[in-house]
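Chemist: Submitted below is the structure of interest, expressed as structure tokens.
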Amino acid sequence: GVMRSALASNLAAISSRCTRTTIADNRSAGTFPRPSASRTPRNSSCLWLTSPAHSPHSASRKPLINRPRISLTMASTASSSPPTSLFPVPSVPLPPRVEHLTVQQPGLASTVISKALQLSDEFVRELMGFGAVYHAEMAPELPSHLATAGVSSAAKGTDTSSSENQGKRGKKRKHGQTEREFQEEQRKMRPTRLLRDMEVEAGAYFRVHVQPKRFPSVYNIKWKDHIIAEGDEWVVLNKPAGVTVNSTVDNLKETCAAFAATAVGMAEPLRVTHRLDVATEGVL
């Protein structure tokens with residue numbers, strides 16, 4: 001929305017000083033050759049802006065701007081080729097790609113995911129250690145647009161006719177289901193991080209963040225220089241900008257808590273007493 005508003009304002013400012021014609025007008029007038037196919041997509045519309053000093057049919061007219069019209073459709077987040085490793089960190093941030101899977105046959109988690117998403121077993125295990133894979137014993141209730149392509153919705157078969165079946169967070173119990181059975185079912189449908197490979201049963205659910213959000217600046221920081229003070233049970237850190245304090249939903253490793261812990265010789269990430277924004281620099 002912000003980009004569209006900025007584009008509209010810029011085009012309005014330019015149009016106030018220019019005479020606007022379309023490609024179709026230019027072709028019919030025959031004032032200059034049509035753009036080549038290599039420069040202009042076949043199905044795109046382009047806006048040509050010309051100087052007001054030239055008439056619409058002037059042979060000396062030259063286009064000032066040749067840009068495809070912006071399409072407001074969502075592009076696919078899947079990359080052209082499947083990723084093979086999390087390193088090196090991409091120079092350009094990749095869009096998020098989240099895959100929802102249900103297990104049809106029991107097996108090793110990495111094998112099941114790699115076959116379904118056409119990824120290597122090594123890369124899937126790397127995603128697990130990175131905190132980008134979630135697992136549940138049963139498929140949770142998913143939005144309707146995700147309950148396709150082999151992703152089943154656990155909401156099927158629920159009875160919504162009685163208000164007595166209303167559970168916590170708006171969940172509804174199945175007809176004849178006790179409160180204990182309902183709570184146990186909800187526990188099985190709650191996804192948790194899968195940090196290590198394991199055997200899974202049929203009907204299990206995976207959420208895989210194939211392209212997690214990255215914080216590459218953590219590898220360029222001398223973290224020991226950012227330690228202000230430390231004691232037996234505490235550490236004071238000068239947080240650099242561009243790094244998240246705690247883990248994100250798809251990134252467990254590239255955090256201040258993890259790298260500061262390594263700087264002071266601890267194996268586990270530090271626990272923070274407060275948080276700062278990613279772009280904020282300050283004391284933790």
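Following the order of the structure tokens, first chain is A, next is B, and so on, with residues numbered from 1 inside each chain and ligands from 1 in the order they appear.
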Residues near A:Val210, anyone? I mean within 12 Å using only C-alpha atoms, not counting same-chain ones fewer than 4 positions away, as a PyMOL selection string.

Modeler: chain A and resi 77-79+82-86+94-100+113-114+117-120+123-128+130-134+206+214+250-251

Chemist: Give me, as a PyMOL selection string, all polymer residues having an atom no more than 10 Å from stretch 223-226 of chain A, counting only C-alpha atoms and skipping those fewer than 4 positions away in the same chain.

Modeler: chain A and resi 218-219+236-240+256+259-264+283

Chemist: One number please: atom CA of A:Lys174 to atom CA of A:Arg193, in Å, one decimal.

Modeler: 27.2 Å

Chemist: Just list as a PyMOL selection string whatever in stretch 153-283 of chain A DSSP marks as alpha helix (DSSP H).

Modeler: chain A and resi 179-188+256-263

Chemist: Atom CA of A:Ala139 and atom CA of A:Thr192 are how many Å apart?

Modeler: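 About the pair atom CA of A:Ala139 and atom CA of A:Thr192: they are 12.2 Å apart.
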
Chemist: Find the residues around A:Gly107 up to 8 Å (only C-alpha atoms counted), leave out those fewer than 2 positions away in its own chain, and share them as a PyMOL selection string.

Modeler: chain A and resi 105+109+111-112+199-201

Chemist: Could you turn the residues from that selection into a file that holds C-alpha atoms, as a short mmCIF file (atom, residue, chain, number, x, y, z; two decimals), in the first residue's frame?

Modeler:
```
data_model
loop_
_atom_site.label_atom_id
_atom_site.label_comp_id
_atom_site.auth_asym_id
_atom_site.auth_seq_id
_atom_site.Cartn_x
_atom_site.Cartn_y
_atom_site.Cartn_z
CA GLN A 105 3.40 -43.26 6.27
CA ALA A 109 11.18 -37.09 10.18
CA THR A 111 13.21 -38.50 5.33
CA VAL A 112 9.50 -37.74 5.34
CA GLU A 199 10.63 -41.39 14.14
CA VAL A 200 7.10 -40.13 13.45
CA GLU A 201 3.79 -41.93 13.05
#
```

Chemist: Which residues are near A:Arg275? Cut-off 9 Å, only C-alpha atoms, ignore same chain within fewer than 2 positions. Put them as a PyMOL selection string.

Modeler: chain A and resi 244-246+272-273+277+284

Chemist: What is the atom CA of A:Leu195-atom CA of A:Glu233 distance in Å, reported with one decimal?

Modeler: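 Going from atom CA of A:Leu195 over to atom CA of A:Glu233, I get 26.9 Å.
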
Chemist: Hey, what does DSSP flag as strand (DSSP E or B) within stretch 101-258 of chain A? Can you give it to me as a VMD selection string?

Modeler: chain A and resid 101 to 102 107 to 108 133 to 136 166 172 192 to 193 199 to 200 205 to 209 227 to 230 235 to 239 244 248 251 255

Chemist: Atoms to include: N, CA, C and O atoms. Write the selected residues as a compact mmCIF listing (two decimals), in the first residue's frame.

Modeler:
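The resulting file, part_12.txt, is shown below:
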```
# COMPACT_ATOMS: atom_id res chain seq x y z
N LEU A 101 2.65 -30.02 6.30
CA LEU A 101 2.64 -31.40 5.85
C LEU A 101 1.97 -32.30 6.87
O LEU A 101 2.08 -32.07 8.07
N THR A 102 1.29 -33.33 6.38
CA THR A 102 0.81 -34.41 7.24
C THR A 102 1.47 -35.71 6.78
O THR A 102 1.66 -35.93 5.59
N GLY A 107 7.89 -42.99 9.53
CA GLY A 107 9.27 -42.99 9.09
C GLY A 107 10.08 -41.96 9.85
O GLY A 107 9.60 -41.33 10.80
N LEU A 108 11.31 -41.75 9.43
CA LEU A 108 12.19 -40.76 10.03
C LEU A 108 11.75 -39.36 9.56
O LEU A 108 11.45 -39.17 8.39
N VAL A 133 11.69 -26.02 12.12
CA VAL A 133 10.77 -27.13 11.89
C VAL A 133 9.94 -27.36 13.14
O VAL A 133 10.48 -27.42 14.25
N TYR A 134 8.63 -27.48 12.96
CA TYR A 134 7.70 -27.73 14.07
C TYR A 134 6.97 -29.05 13.83
O TYR A 134 6.71 -29.42 12.68
N HIS A 135 6.63 -29.72 14.92
CA HIS A 135 6.00 -31.04 14.83
C HIS A 135 4.86 -31.14 15.82
O HIS A 135 4.92 -30.56 16.93
N ALA A 136 3.82 -31.83 15.43
CA ALA A 136 2.70 -32.15 16.31
C ALA A 136 2.26 -33.58 16.03
O ALA A 136 2.39 -34.07 14.89
N GLN A 166 -18.22 -25.90 23.74
CA GLN A 166 -17.25 -24.83 23.57
C GLN A 166 -16.07 -25.06 24.51
O GLN A 166 -16.24 -25.24 25.71
N LYS A 172 -13.92 -26.19 19.86
CA LYS A 172 -15.14 -26.92 20.15
C LYS A 172 -14.84 -28.40 20.31
O LYS A 172 -14.08 -28.97 19.53
N THR A 192 5.34 -27.99 18.31
CA THR A 192 6.53 -27.59 19.06
C THR A 192 7.75 -27.74 18.16
O THR A 192 7.74 -28.51 17.20
N ARG A 193 8.82 -27.03 18.51
CA ARG A 193 10.03 -27.12 17.70
C ARG A 193 10.58 -28.54 17.71
O ARG A 193 10.66 -29.17 18.76
N GLU A 199 11.63 -40.60 14.84
CA GLU A 199 10.63 -41.39 14.14
C GLU A 199 9.25 -40.78 14.38
O GLU A 199 8.93 -40.37 15.50
N VAL A 200 8.44 -40.70 13.35
CA VAL A 200 7.10 -40.13 13.45
C VAL A 200 6.09 -41.14 12.93
O VAL A 200 6.40 -41.98 12.08
N TYR A 205 2.02 -34.11 12.05
CA TYR A 205 1.99 -32.86 11.30
C TYR A 205 3.34 -32.16 11.40
O TYR A 205 4.01 -32.20 12.44
N PHE A 206 3.76 -31.53 10.29
CA PHE A 206 4.98 -30.73 10.26
C PHE A 206 4.68 -29.35 9.70
O PHE A 206 3.89 -29.21 8.75
N ARG A 207 5.30 -28.36 10.29
CA ARG A 207 5.34 -27.01 9.71
C ARG A 207 6.81 -26.67 9.48
O ARG A 207 7.57 -26.59 10.44
N VAL A 208 7.19 -26.48 8.24
CA VAL A 208 8.59 -26.31 7.88
C VAL A 208 8.79 -24.91 7.30
O VAL A 208 8.18 -24.56 6.28
N HIS A 209 9.65 -24.13 7.94
CA HIS A 209 10.02 -22.81 7.44
C HIS A 209 11.26 -22.99 6.56
O HIS A 209 12.39 -22.95 7.04
N ILE A 227 30.38 -6.91 25.54
CA ILE A 227 30.09 -7.27 26.93
C ILE A 227 30.55 -6.11 27.82
O ILE A 227 31.73 -5.80 27.92
N ILE A 228 29.59 -5.44 28.47
CA ILE A 228 29.91 -4.30 29.33
C ILE A 228 30.40 -4.77 30.69
O ILE A 228 31.40 -4.27 31.21
N ALA A 229 29.71 -5.73 31.26
CA ALA A 229 30.09 -6.26 32.57
C ALA A 229 29.45 -7.62 32.73
O ALA A 229 28.47 -7.95 32.04
N GLU A 230 29.99 -8.43 33.63
CA GLU A 230 29.40 -9.75 33.89
C GLU A 230 29.73 -10.19 35.31
O GLU A 230 30.73 -9.78 35.90
N VAL A 235 24.87 -10.88 33.01
CA VAL A 235 25.72 -10.29 31.97
C VAL A 235 25.05 -9.01 31.50
O VAL A 235 23.83 -8.98 31.30
N VAL A 236 25.83 -7.94 31.32
CA VAL A 236 25.33 -6.69 30.75
C VAL A 236 25.92 -6.56 29.35
O VAL A 236 27.14 -6.60 29.17
N LEU A 237 25.04 -6.42 28.38
CA LEU A 237 25.44 -6.45 26.97
C LEU A 237 25.03 -5.15 26.28
O LEU A 237 23.92 -4.65 26.50
N ASN A 238 25.92 -4.62 25.49
CA ASN A 238 25.58 -3.50 24.60
C ASN A 238 25.06 -4.09 23.29
O ASN A 238 25.83 -4.50 22.43
N LYS A 239 23.74 -4.16 23.16
CA LYS A 239 23.13 -4.80 21.99
C LYS A 239 23.40 -3.99 20.72
O LYS A 239 23.09 -2.80 20.66
N THR A 244 18.20 -9.59 16.48
CA THR A 244 17.08 -9.82 17.37
C THR A 244 17.58 -10.27 18.73
O THR A 244 18.64 -10.91 18.85
N THR A 248 13.29 -16.00 16.93
CA THR A 248 12.05 -15.76 16.20
C THR A 248 11.38 -17.10 15.94
O THR A 248 11.89 -18.16 16.31
N ASN A 251 13.90 -18.91 13.60
CA ASN A 251 15.34 -18.73 13.75
C ASN A 251 15.68 -18.78 15.23
O ASN A 251 15.41 -17.84 15.98
N THR A 255 20.75 -14.89 17.35
CA THR A 255 20.17 -13.99 18.34
C THR A 255 21.26 -13.43 19.24
O THR A 255 22.36 -13.99 19.36
```
